[in-house]
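What's in final30.cif: mmCIF, C-alpha atoms
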```
data_run
loop_
_atom_site.label_atom_id
_atom_site.label_comp_id
_atom_site.auth_asym_id
_atom_site.auth_seq_id
_atom_site.Cartn_x
_atom_site.Cartn_y
_atom_site.Cartn_z
CA MET A 1 -27.07 8.10 7.62
CA PRO A 2 -27.12 10.83 10.31
CA VAL A 3 -24.42 13.50 10.04
CA GLU A 4 -22.76 12.49 13.33
CA HIS A 5 -22.58 8.85 12.22
CA ARG A 6 -21.23 9.85 8.84
CA ARG A 7 -18.48 11.89 10.48
CA SER A 8 -17.63 9.04 12.84
CA VAL A 9 -17.36 6.57 9.97
CA VAL A 10 -15.07 8.86 7.99
CA ALA A 11 -12.91 9.60 11.04
CA LEU A 12 -12.54 5.90 11.86
CA ALA A 13 -11.67 5.12 8.24
CA LEU A 14 -8.95 7.78 8.32
CA ILE A 15 -7.56 6.40 11.59
CA ALA A 16 -7.47 2.90 10.11
CA SER A 17 -5.67 4.10 6.97
CA PHE A 18 -3.10 5.93 9.11
CA MET A 19 -2.49 2.88 11.33
CA VAL A 20 -2.07 0.48 8.42
CA PHE A 21 0.44 2.62 6.54
CA VAL A 22 2.38 3.89 9.54
CA ASP A 23 3.20 0.27 10.37
CA SER A 24 4.65 -0.24 6.91
CA THR A 25 7.46 2.23 7.71
CA ILE A 26 7.69 2.69 11.49
CA VAL A 27 9.49 -0.60 12.21
CA ASN A 28 12.51 0.35 10.07
CA VAL A 29 13.95 2.50 12.85
CA THR A 30 13.70 -0.29 15.45
CA LEU A 31 15.97 -2.75 13.65
CA ALA A 32 19.13 -1.85 15.55
CA GLU A 33 17.44 -2.24 18.94
CA LEU A 34 15.73 -5.46 17.88
CA GLY A 35 19.07 -6.89 16.83
CA THR A 36 20.57 -6.06 20.22
CA HIS A 37 17.69 -6.89 22.58
CA LEU A 38 16.35 -10.00 20.82
CA HIS A 39 19.71 -11.16 19.39
CA ALA A 40 18.26 -11.12 15.90
CA SER A 41 20.11 -12.12 12.76
CA ARG A 42 19.88 -10.01 9.61
CA PRO A 43 17.35 -12.37 7.92
CA GLU A 44 15.19 -12.25 11.06
CA LEU A 45 15.31 -8.45 11.03
CA GLU A 46 14.35 -8.40 7.35
CA TRP A 47 11.34 -10.57 8.11
CA SER A 48 10.16 -8.16 10.79
CA LEU A 49 9.43 -5.91 7.79
CA ASN A 50 8.56 -8.52 5.16
CA ALA A 51 6.13 -10.60 7.26
CA TYR A 52 3.74 -7.65 7.41
CA THR A 53 3.99 -7.01 3.66
CA LEU A 54 3.56 -10.69 2.80
CA SER A 55 0.31 -11.34 4.68
CA PHE A 56 -1.01 -7.86 3.86
CA ALA A 57 -0.69 -8.47 0.11
CA ALA A 58 -1.67 -12.14 0.14
CA LEU A 59 -4.91 -11.70 2.09
CA MET A 60 -6.14 -8.46 0.55
CA LEU A 61 -8.38 -10.02 -2.10
CA GLY A 62 -10.09 -12.28 0.40
CA ALA A 63 -10.54 -9.35 2.77
CA GLY A 64 -12.35 -7.38 0.07
CA ALA A 65 -14.75 -10.27 -0.48
CA ILE A 66 -15.36 -10.52 3.26
CA ALA A 67 -16.22 -6.81 3.37
CA ASP A 68 -18.73 -7.32 0.54
CA THR A 69 -20.36 -10.48 1.86
CA LEU A 70 -20.29 -10.19 5.67
CA GLY A 71 -20.53 -6.41 5.82
CA ALA A 72 -17.92 -3.68 5.94
CA LYS A 73 -18.55 -2.94 9.63
CA ARG A 74 -17.92 -6.53 10.69
CA ALA A 75 -14.81 -6.72 8.53
CA PHE A 76 -13.57 -3.40 9.90
CA LEU A 77 -14.08 -4.37 13.56
CA THR A 78 -12.52 -7.79 13.05
CA GLY A 79 -9.51 -6.27 11.31
CA LEU A 80 -9.12 -3.63 14.02
CA VAL A 81 -9.25 -6.21 16.82
CA VAL A 82 -6.79 -8.52 15.05
CA PHE A 83 -4.44 -5.62 14.30
CA THR A 84 -4.58 -4.32 17.89
CA LEU A 85 -4.11 -7.71 19.59
CA SER A 86 -1.23 -8.71 17.32
CA SER A 87 0.40 -5.34 18.00
CA ALA A 88 0.20 -6.12 21.72
CA VAL A 89 1.89 -9.48 21.09
CA CYS A 90 4.62 -7.69 19.10
CA ALA A 91 5.18 -5.29 21.98
CA ALA A 92 5.48 -8.18 24.47
CA ALA A 93 7.53 -10.48 22.22
CA GLY A 94 10.47 -12.21 23.87
CA SER A 95 11.96 -13.59 20.67
CA MET A 96 12.17 -12.70 16.99
CA LEU A 97 10.13 -15.78 16.11
CA MET A 98 7.22 -14.55 18.24
CA LEU A 99 7.59 -11.02 16.86
CA ASN A 100 7.65 -12.12 13.22
CA LEU A 101 4.68 -14.47 13.65
CA ALA A 102 2.75 -11.62 15.27
CA ARG A 103 3.73 -9.36 12.35
CA LEU A 104 2.18 -11.91 9.97
CA VAL A 105 -1.08 -11.73 11.93
CA GLN A 106 -0.82 -7.94 12.06
CA GLY A 107 -0.62 -7.86 8.25
CA ALA A 108 -3.78 -9.98 8.10
CA GLY A 109 -5.56 -7.43 10.30
CA ALA A 110 -4.33 -4.63 8.04
CA ALA A 111 -5.67 -6.49 4.99
CA LEU A 112 -9.13 -6.59 6.59
CA LEU A 113 -8.98 -2.96 7.69
CA LEU A 114 -7.95 -1.27 4.45
CA PRO A 115 -10.71 -2.25 1.95
CA SER A 116 -13.46 -2.18 4.60
CA ALA A 117 -12.36 1.29 5.75
CA LEU A 118 -12.54 2.57 2.18
CA VAL A 119 -15.98 1.06 1.64
CA LEU A 120 -17.25 2.61 4.88
CA ALA A 121 -15.75 6.02 4.09
CA THR A 122 -17.29 6.20 0.62
CA ALA A 123 -20.68 4.69 1.58
CA SER A 124 -21.92 8.11 2.71
CA ALA A 125 -20.93 9.86 -0.55
CA THR A 126 -23.85 11.42 -2.38
CA ASP A 127 -22.11 11.85 -5.76
CA GLU A 128 -18.88 11.11 -7.62
CA HIS A 129 -17.12 14.31 -6.48
CA ALA A 130 -17.98 13.64 -2.84
CA ARG A 131 -16.65 10.09 -3.20
CA HIS A 132 -13.39 11.34 -4.70
CA ARG A 133 -13.02 13.89 -1.89
CA LEU A 134 -13.44 11.14 0.72
CA VAL A 135 -10.96 8.92 -1.13
CA SER A 136 -8.50 11.83 -1.12
CA TRP A 137 -8.83 12.20 2.67
CA TRP A 138 -8.44 8.45 3.11
CA ALA A 139 -5.32 8.44 0.93
CA ALA A 140 -3.95 11.51 2.73
CA ALA A 141 -4.30 9.72 6.07
CA GLY A 142 -2.35 6.77 4.67
CA GLY A 143 0.27 9.09 3.21
CA ALA A 144 0.58 10.86 6.55
CA GLY A 145 1.07 7.49 8.25
CA MET A 146 3.77 6.48 5.80
CA ALA A 147 5.52 9.84 6.22
CA ALA A 148 5.20 9.86 10.02
CA GLY A 149 6.43 6.29 10.45
CA PRO A 150 10.21 6.88 10.61
CA LEU A 151 9.93 10.08 12.70
CA LEU A 152 7.27 8.69 15.06
CA GLY A 153 9.23 5.47 15.47
CA GLY A 154 12.46 7.32 16.13
CA GLY A 155 10.77 9.47 18.77
CA LEU A 156 9.19 6.48 20.52
CA VAL A 157 12.47 4.57 20.53
CA ALA A 158 14.28 7.61 21.94
CA LEU A 159 11.66 8.20 24.65
CA ALA A 160 11.12 4.55 25.58
CA ASN A 161 12.28 1.55 23.53
CA TRP A 162 11.32 -0.56 20.51
CA ARG A 163 8.29 -2.03 22.30
CA ALA A 164 6.62 1.41 22.33
CA VAL A 165 6.52 1.33 18.52
CA PHE A 166 4.03 -1.55 18.68
CA ALA A 167 2.32 -0.53 21.91
CA VAL A 168 1.14 2.74 20.35
CA ASN A 169 -1.21 0.71 18.12
CA VAL A 170 -2.87 -0.69 21.24
CA VAL A 171 -3.32 2.80 22.64
CA ILE A 172 -5.05 3.88 19.42
CA GLY A 173 -6.81 0.62 18.57
CA ILE A 174 -8.78 0.02 21.79
CA PRO A 175 -10.54 3.44 21.86
CA ALA A 176 -11.13 3.19 18.10
CA ALA A 177 -12.82 -0.21 18.50
CA ILE A 178 -15.06 1.10 21.30
CA TRP A 179 -15.92 4.18 19.22
CA ALA A 180 -16.76 1.99 16.20
CA LEU A 181 -19.04 -0.28 18.24
CA ARG A 182 -20.96 2.68 19.62
CA SER A 183 -21.27 4.96 16.62
CA MET A 184 -20.59 3.09 13.39
CA PRO A 185 -23.80 2.10 11.55
CA ALA A 186 -23.86 -1.11 9.58
CA VAL A 187 -23.42 -0.79 5.84
CA VAL A 188 -25.83 -2.99 3.91
CA ARG A 189 -24.28 -6.32 2.99
CA ARG A 190 -23.91 -7.01 -0.70
CA GLY A 191 -25.46 -9.95 -2.50
CA ARG A 192 -22.30 -12.06 -2.85
CA ARG A 193 -21.37 -15.49 -1.52
CA LEU A 194 -18.05 -16.00 0.21
CA ASP A 195 -15.74 -17.76 -2.25
CA LEU A 196 -13.56 -19.77 0.16
CA GLY A 197 -11.87 -21.74 -2.62
CA GLY A 198 -10.95 -18.55 -4.40
CA MET A 199 -9.64 -17.02 -1.16
CA VAL A 200 -7.38 -20.02 -0.44
CA THR A 201 -5.97 -20.28 -3.96
CA ALA A 202 -5.54 -16.50 -4.30
CA THR A 203 -3.69 -16.39 -0.97
CA ALA A 204 -1.41 -19.23 -2.11
CA PHE A 205 -0.76 -17.54 -5.45
CA ILE A 206 -0.06 -14.04 -4.11
CA GLY A 207 1.73 -15.28 -0.98
CA GLY A 208 4.05 -17.53 -2.98
CA LEU A 209 4.73 -14.77 -5.48
CA VAL A 210 5.49 -12.10 -2.88
CA PHE A 211 7.66 -14.49 -0.83
CA ALA A 212 9.71 -15.34 -3.92
CA LEU A 213 10.09 -11.67 -4.85
CA ILE A 214 11.21 -10.78 -1.32
CA GLU A 215 13.65 -13.63 -0.79
CA ALA A 216 15.06 -14.28 -4.28
CA PRO A 217 17.51 -11.33 -4.32
CA SER A 218 19.32 -12.71 -1.24
CA ARG A 219 18.77 -16.47 -1.69
CA GLY A 220 19.04 -16.70 -5.48
CA TRP A 221 16.37 -17.84 -7.92
CA VAL A 222 17.42 -21.51 -7.81
CA ASP A 223 17.32 -21.79 -4.01
CA PRO A 224 15.00 -24.65 -2.90
CA ALA A 225 12.80 -22.26 -0.90
CA ILE A 226 12.36 -19.99 -3.93
CA LEU A 227 11.61 -22.94 -6.20
CA ALA A 228 9.04 -24.19 -3.68
CA ALA A 229 7.47 -20.72 -3.52
CA GLY A 230 7.36 -20.67 -7.31
CA ALA A 231 5.57 -24.01 -7.31
CA VAL A 232 3.04 -22.72 -4.77
CA THR A 233 2.53 -19.64 -6.96
CA VAL A 234 1.83 -21.71 -10.08
CA VAL A 235 -0.44 -24.16 -8.28
CA GLY A 236 -2.28 -21.30 -6.61
CA LEU A 237 -2.77 -19.49 -9.93
CA VAL A 238 -4.02 -22.58 -11.75
CA GLY A 239 -6.27 -23.48 -8.83
CA PHE A 240 -7.62 -19.94 -8.68
CA VAL A 241 -8.53 -19.94 -12.37
CA LEU A 242 -10.26 -23.32 -12.07
CA VAL A 243 -12.16 -22.36 -8.92
CA GLU A 244 -13.27 -19.00 -10.30
CA ARG A 245 -14.72 -20.69 -13.39
CA SER A 246 -16.80 -23.10 -11.33
CA VAL A 247 -18.36 -20.92 -8.60
CA SER A 248 -21.42 -18.72 -8.90
CA GLY A 249 -19.97 -15.89 -6.83
CA PRO A 250 -16.26 -15.66 -7.76
CA LEU A 251 -13.75 -13.71 -5.66
CA LEU A 252 -12.90 -11.61 -8.72
CA PRO A 253 -16.10 -11.32 -10.76
CA PRO A 254 -15.30 -11.34 -14.51
CA ARG A 255 -17.08 -8.02 -14.97
CA LEU A 256 -14.55 -6.42 -12.60
CA TYR A 257 -11.53 -6.76 -14.87
CA ALA A 258 -13.75 -6.67 -17.95
CA ASP A 259 -14.33 -2.99 -17.15
CA ARG A 260 -11.62 -0.97 -18.90
CA GLY A 261 -11.69 1.74 -16.27
CA PHE A 262 -10.93 -0.67 -13.44
CA ALA A 263 -8.34 -2.65 -15.42
CA ALA A 264 -6.56 0.58 -16.32
CA ALA A 265 -6.57 1.76 -12.69
CA ALA A 266 -5.18 -1.57 -11.45
CA LEU A 267 -2.38 -1.55 -14.03
CA GLN A 268 -1.53 2.10 -13.36
CA GLY A 269 -1.48 1.52 -9.60
CA SER A 270 0.87 -1.43 -10.04
CA LEU A 271 3.22 0.60 -12.26
CA LEU A 272 3.17 3.51 -9.82
CA ASN A 273 4.13 1.34 -6.85
CA PHE A 274 6.75 -0.47 -8.93
CA ALA A 275 8.48 2.86 -9.55
CA PHE A 276 7.82 4.47 -6.15
CA TYR A 277 8.85 1.65 -3.81
CA GLY A 278 11.72 0.58 -6.02
CA VAL A 279 13.20 4.08 -5.92
CA LEU A 280 12.46 4.48 -2.20
CA PHE A 281 14.31 1.23 -1.43
CA THR A 282 17.34 1.90 -3.63
CA MET A 283 17.70 5.56 -2.69
CA SER A 284 17.73 4.63 0.99
CA LEU A 285 20.63 2.25 0.33
CA LEU A 286 22.40 4.85 -1.81
CA LEU A 287 22.20 7.51 0.91
CA GLN A 288 23.22 5.23 3.78
CA GLN A 289 25.71 2.84 2.18
CA GLY A 290 26.91 5.01 -0.69
CA ARG A 291 26.89 8.44 0.97
CA GLY A 292 27.44 7.31 4.59
CA LEU A 293 24.38 9.09 6.04
CA SER A 294 22.62 7.90 9.18
CA ALA A 295 19.16 6.38 9.17
CA LEU A 296 17.70 9.44 10.91
CA VAL A 297 19.22 11.88 8.41
CA THR A 298 18.04 9.67 5.54
CA GLY A 299 14.52 9.70 6.97
CA LEU A 300 14.58 13.48 7.23
CA LEU A 301 15.79 13.80 3.63
CA PHE A 302 12.79 11.76 2.49
CA LEU A 303 10.35 14.26 4.02
CA PRO A 304 9.97 16.28 0.78
CA LEU A 305 8.76 13.01 -0.76
CA THR A 306 6.61 11.48 1.98
CA GLY A 307 5.40 14.76 3.48
CA LEU A 308 4.24 16.25 0.19
CA ILE A 309 2.30 13.10 -0.65
CA SER A 310 -0.22 13.82 2.14
CA ILE A 311 -0.66 17.43 1.03
CA ALA A 312 -1.03 16.48 -2.62
CA ASN A 313 -3.61 13.78 -1.74
CA LEU A 314 -5.98 16.55 -0.66
CA CYS A 315 -5.46 18.44 -3.93
CA SER A 316 -6.52 15.47 -6.06
CA ALA A 317 -10.30 15.93 -5.77
CA PRO A 318 -10.36 19.70 -6.59
CA LEU A 319 -8.04 19.12 -9.56
CA THR A 320 -10.18 16.27 -10.85
CA ARG A 321 -13.34 18.37 -10.51
CA ARG A 322 -11.73 21.14 -12.52
CA LEU A 323 -9.71 19.22 -15.13
CA GLY A 324 -11.28 15.75 -15.25
CA ARG A 325 -9.76 12.46 -14.12
CA PRO A 326 -7.92 11.56 -17.39
CA ALA A 327 -6.21 14.97 -17.48
CA VAL A 328 -5.13 14.71 -13.84
CA LEU A 329 -3.75 11.21 -14.42
CA ALA A 330 -1.83 12.35 -17.50
CA LEU A 331 -0.48 15.45 -15.73
CA GLY A 332 0.56 13.49 -12.65
CA GLN A 333 2.31 10.78 -14.65
CA ALA A 334 4.13 13.34 -16.80
CA VAL A 335 5.38 15.21 -13.72
CA LEU A 336 6.38 11.92 -12.07
CA THR A 337 8.38 10.90 -15.14
CA ALA A 338 10.16 14.26 -15.21
CA GLY A 339 10.91 14.03 -11.48
CA LEU A 340 12.38 10.52 -11.82
CA LEU A 341 14.60 11.59 -14.71
CA ALA A 342 15.70 14.63 -12.68
CA LEU A 343 16.49 12.30 -9.77
CA ALA A 344 18.66 10.14 -12.04
CA TRP A 345 20.64 13.22 -13.07
CA ALA A 346 20.82 14.63 -9.52
CA SER A 347 22.20 11.37 -8.10
CA THR A 348 25.41 11.89 -10.10
CA ALA A 349 26.18 15.13 -8.22
CA SER A 350 28.41 15.06 -5.16
CA ALA A 351 25.96 17.12 -3.08
CA VAL A 352 22.74 15.63 -1.69
CA TRP A 353 20.46 18.66 -2.08
CA PRO A 354 19.80 18.18 -5.86
CA MET A 355 18.35 14.75 -5.07
CA VAL A 356 16.18 16.24 -2.32
CA LEU A 357 14.85 18.86 -4.76
CA ALA A 358 14.09 16.14 -7.31
CA LEU A 359 11.94 14.39 -4.70
CA VAL A 360 9.52 17.36 -4.63
CA PRO A 361 7.79 16.71 -7.99
CA ILE A 362 7.85 12.96 -7.28
CA GLY A 363 6.05 13.48 -3.96
CA ILE A 364 3.49 15.89 -5.40
CA SER A 365 2.67 13.75 -8.43
CA SER A 366 2.49 10.51 -6.43
CA GLY A 367 0.18 12.17 -3.92
CA ILE A 368 -2.17 13.30 -6.68
CA LEU A 369 -2.12 10.00 -8.55
CA VAL A 370 -2.97 7.57 -5.72
CA PRO A 371 -6.45 8.93 -4.81
CA THR A 372 -7.23 9.60 -8.47
CA MET A 373 -6.48 5.99 -9.40
CA THR A 374 -8.31 4.71 -6.31
CA ALA A 375 -11.39 6.76 -7.15
CA GLN A 376 -11.26 5.48 -10.74
CA SER A 377 -11.13 1.85 -9.57
CA ILE A 378 -14.27 2.34 -7.43
CA ALA A 379 -16.19 4.52 -9.90
CA ALA A 380 -15.67 1.93 -12.61
CA VAL A 381 -17.86 -0.72 -10.91
CA GLU A 382 -21.26 -0.98 -9.25
CA PRO A 383 -21.57 -0.53 -5.45
CA GLU A 384 -21.85 -4.25 -4.69
CA LEU A 385 -18.31 -4.70 -6.01
CA HIS A 386 -16.69 -1.78 -4.18
CA GLY A 387 -15.03 -4.04 -1.59
CA ALA A 388 -13.69 -6.38 -4.25
CA ALA A 389 -12.53 -3.44 -6.39
CA SER A 390 -10.76 -1.77 -3.48
CA ALA A 391 -9.05 -5.01 -2.47
CA ALA A 392 -8.04 -5.93 -6.03
CA PHE A 393 -6.69 -2.44 -6.70
CA ASN A 394 -4.64 -2.36 -3.49
CA THR A 395 -3.41 -5.91 -4.13
CA SER A 396 -2.14 -4.89 -7.55
CA ARG A 397 -0.32 -1.98 -5.93
CA GLN A 398 1.30 -4.21 -3.28
CA ILE A 399 2.45 -6.70 -5.91
CA GLY A 400 3.81 -3.87 -8.04
CA GLY A 401 5.80 -2.57 -5.08
CA ALA A 402 7.20 -6.02 -4.29
CA ILE A 403 8.25 -6.50 -7.93
CA GLY A 404 9.87 -3.05 -7.86
CA VAL A 405 12.01 -3.83 -4.81
CA ALA A 406 12.94 -7.25 -6.21
CA THR A 407 13.87 -5.75 -9.59
CA PHE A 408 15.69 -2.66 -8.43
CA GLY A 409 17.82 -4.43 -5.80
CA PRO A 410 19.96 -6.30 -8.34
CA LEU A 411 19.95 -3.27 -10.68
CA LEU A 412 21.45 -1.13 -7.90
CA GLY A 413 24.51 -3.38 -7.72
CA THR A 414 27.12 -3.57 -4.99
CA ALA A 415 28.43 -0.85 -2.69
CA HIS A 416 31.22 -0.10 -5.18
CA ASN A 417 28.91 1.11 -7.96
CA LEU A 418 25.75 2.29 -6.21
CA SER A 419 25.70 5.66 -7.98
CA SER A 420 25.66 4.25 -11.49
CA GLY A 421 23.26 1.51 -10.42
CA PHE A 422 20.85 4.07 -9.00
CA VAL A 423 20.82 6.00 -12.28
CA THR A 424 19.68 2.80 -13.99
CA CYS A 425 16.98 2.26 -11.35
CA ALA A 426 15.63 5.80 -11.71
CA ILE A 427 15.50 5.49 -15.50
CA VAL A 428 13.65 2.15 -15.26
CA ALA A 429 11.20 3.79 -12.83
CA ALA A 430 10.67 6.63 -15.30
CA ALA A 431 9.98 4.06 -18.03
CA ALA A 432 7.30 2.49 -15.81
CA SER A 433 5.74 5.93 -15.36
CA VAL A 434 5.75 6.43 -19.14
CA ALA A 435 3.97 3.08 -19.48
CA GLY A 436 1.31 4.34 -17.08
CA LEU A 437 1.00 7.52 -19.13
CA CYS A 438 0.47 5.42 -22.25
CA VAL A 439 -2.36 3.54 -20.50
CA THR A 440 -3.97 6.90 -19.69
CA ALA A 441 -3.54 8.11 -23.27
CA LEU A 442 -5.08 4.95 -24.69
CA GLY A 443 -7.95 5.21 -22.24
CA ARG A 444 -8.78 8.74 -23.33
CA ARG A 445 -9.30 7.44 -26.86
CA GLN A 446 -11.86 4.92 -25.57
CA PRO A 447 -15.27 6.41 -24.81
CA VAL A 448 -16.09 3.35 -22.67
CA LEU A 449 -13.23 4.09 -20.29
CA VAL A 450 -14.12 7.74 -19.88
CA GLY A 451 -17.75 6.91 -19.28
CA SER A 452 -16.99 4.19 -16.76
CA CYS A 453 -14.78 6.47 -14.76
CA GLY A 454 -17.44 9.10 -14.31
#
```
Written as structure tokens, that's how I'd like the structure from this file.
Amino acid sequence: MPVEHRRSVVALALIASFMVFVDSTIVNVTLAELGTHLHASRPELEWSLNAYTLSFAALMLGAGAIADTLGAKRAFLTGLVVFTLSSAVCAAAGSMLMLNLARLVQGAGAALLLPSALVLATASATDEHARHRLVSWWAAAGGAGMAAGPLLGGGLVALANWRAVFAVNVVIGIPAAIWALRSMPAVVRRGRRLDLGGMVTATAFIGGLVFALIEAPSRGWVDPAILAAGAVTVVGLVGFVLVERSVSGPLLPPRLYADRGFAAAALQGSLLNFAFYGVLFTMSLLLQQGRGLSALVTGLLFLPLTGLISIANLCSAPLTRRLGRPAVLALGQAVLTAGLLALAWASTASAVWPMVLALVPIGISSGILVPTMTAQSIAAVEPELHGAASAAFNTSRQIGGAIGVATFGPLLGTAHNLSSGFVTCAIVAAAASVAGLCVTALGRRQPVLVGSCG
């Protein structure tokens, strides 16, 4: 691949990662305006956030298979077009129903973009260290998007209105699509058949599960909609197992999860997101409802967490080259555990600044861990499974985050006891980090795991 093409591919992959993750946080600051301009109820506002997460998580596995079978370039361009067009519909929406339906489609575009972008970015790597460096850049772009979301959204709302938050994706997406068509070379398609049955059943399973996790805290676990979602989840899971046993090219090849390196990375990624997004959700409620801070001030206080993630992403590859991947994982998980325990203690203080200081080690360790785990999930399998590995790894992370929010919400309690509830949440998050550390420790005792991770 010529140098100029290689640079274009990497740049486009970074842009895609930024766009996908910025839209996971940027909409939060538009909720007040959406409620006023579109006369939205609270459940409708919640779904403006959850619709994106639901389709993003549910379709990720199928998107990885599409990237492997139809080609990463085709998957990337399709995802970019879908994401851009649905963003335009969001910007022009005249009702919350139209907006939320467009957000569902936008999540589908994001699901296509993310694994294909990672496959394209790492296709030009000449060795394991180069691949890890590219993964670190890709993760840093996503971290920058997540960190920039609240501030970028607040600025766009202040300068224009809520529609600008979605219109900015159109401004970025159209030139990116033209650039990709002109300069992005095709990555060789892998020898896999498209497992449509597996895609349908996996989408039903993950979609039902994520819907139940999102809605159960407010509806209750015995609500008819939650019971129906549970039934869809069970049927989808059973159907997925049966379909995968009968097809020649399964969506999740058995050798994927049979590899200890990949299985460990998927479990660790799920535990990390369980802790991270659970704490992010509950701390936001603690600061706004418990401490009476505004949304803008809360967003600024999170900068030591979200901002440091992007910086730490770039440090992951040099650290891994010097210390080795198992040592970096163990170090990152130990620091994360200490930071979460410090956050539990700091939340009992009357001042806010101890909590802000406790976010520093959490941000640094999370930023180091994400690209290290991502690189491990890809290094553990052969190139023809990179799309499936990327999709499966990111799906496990999304599910972990959804479980974290669903678990920590009830643990936080009501507005009268948020402080004590948050201490419990932070301790549970630290326990999840310890579990991840145990997975790393067990892996270091297994020569197979070390060898499969490079």
- Fewer than 6 positions away in the same chain doesn't count, so skip those; otherwise give me all residues within 8 Å of stretch 248-255 of chain A, counting all atoms listed in the file, as a ChimeraX atom specification. /A:61-62,65,192-195,198-199,388,392
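Evaluated against this file, the PyMOL selection byres ((chain A and resi 101) around 10) yields Trp47, Ser48, Ala51, Tyr52, Ser86, Val89, Cys90, Ala93, Met96, Leu97, Met98, Leu99, Asn100, Ala102, Arg103, Leu104, Val105 and Gln106 of chain A.
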Please produce a file of the residues just selected, as a PDB file, in the coordinates of the input, where the atoms kept are C-alpha atoms.
```
ATOM      1  CA  TRP A  47      11.340 -10.570   8.110  1.00  0.00           C
ATOM      2  CA  SER A  48      10.160  -8.160  10.790  1.00  0.00           C
ATOM      3  CA  ALA A  51       6.130 -10.600   7.260  1.00  0.00           C
ATOM      4  CA  TYR A  52       3.740  -7.650   7.410  1.00  0.00           C
ATOM      5  CA  SER A  86      -1.230  -8.710  17.320  1.00  0.00           C
ATOM      6  CA  VAL A  89       1.890  -9.480  21.090  1.00  0.00           C
ATOM      7  CA  CYS A  90       4.620  -7.690  19.100  1.00  0.00           C
ATOM      8  CA  ALA A  93       7.530 -10.480  22.220  1.00  0.00           C
ATOM      9  CA  MET A  96      12.170 -12.700  16.990  1.00  0.00           C
ATOM     10  CA  LEU A  97      10.130 -15.780  16.110  1.00  0.00           C
ATOM     11  CA  MET A  98       7.220 -14.550  18.240  1.00  0.00           C
ATOM     12  CA  LEU A  99       7.590 -11.020  16.860  1.00  0.00           C
ATOM     13  CA  ASN A 100       7.650 -12.120  13.220  1.00  0.00           C
ATOM     14  CA  ALA A 102       2.750 -11.620  15.270  1.00  0.00           C
ATOM     15  CA  ARG A 103       3.730  -9.360  12.350  1.00  0.00           C
ATOM     16  CA  LEU A 104       2.180 -11.910   9.970  1.00  0.00           C
ATOM     17  CA  VAL A 105      -1.080 -11.730  11.930  1.00  0.00           C
ATOM     18  CA  GLN A 106      -0.820  -7.940  12.060  1.00  0.00           C
TER      19      GLN A 106
END
```
- Near-stretch 359-375 of chain A list (9 Å; all atoms listed in the file; drop same-chain fewer than 4 positions) as an NGL selection string: :A and (128 or 131-133 or 135-140 or 143 or 262 or 264-266 or 268-269 or 272 or 276 or 302-317 or 319-320 or 325 or 328-329 or 331-340 or 342-343 or 354-355 or 379-380 or 390 or 393-394 or 453)
- Mind listing as a list in words all residues within 8 Å of (-1.9, 1.4, 13.2), counting all atoms listed in the file?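 Checking each residue against the 8 Å limit leaves Ile15, Ala16, Ser17, Phe18, Met19, Val20, Phe21, Val22, Asp23, Phe83, Thr84, Val168, Asn169, Ile172 and Gly173 of chain A.
Closest approach to A:Ala32 among A:Gly261, A:Gly239, A:Gly71, A:Gly154: A:Gly154, based on all atoms listed in the file.
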- Rounded to one decimal place, report the atom CA of A:Ser350-atom CA of A:Leu301 distance in Å.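 Rounded to one decimal, the two atoms are 15.4 Å apart.
Omitting A:Tyr277 and its sequence neighbours fewer than 6 positions away, and counting only C-alpha atoms, the residues within 8 Å are Gly401, Ala402, Gly404 and Val405 of chain A.
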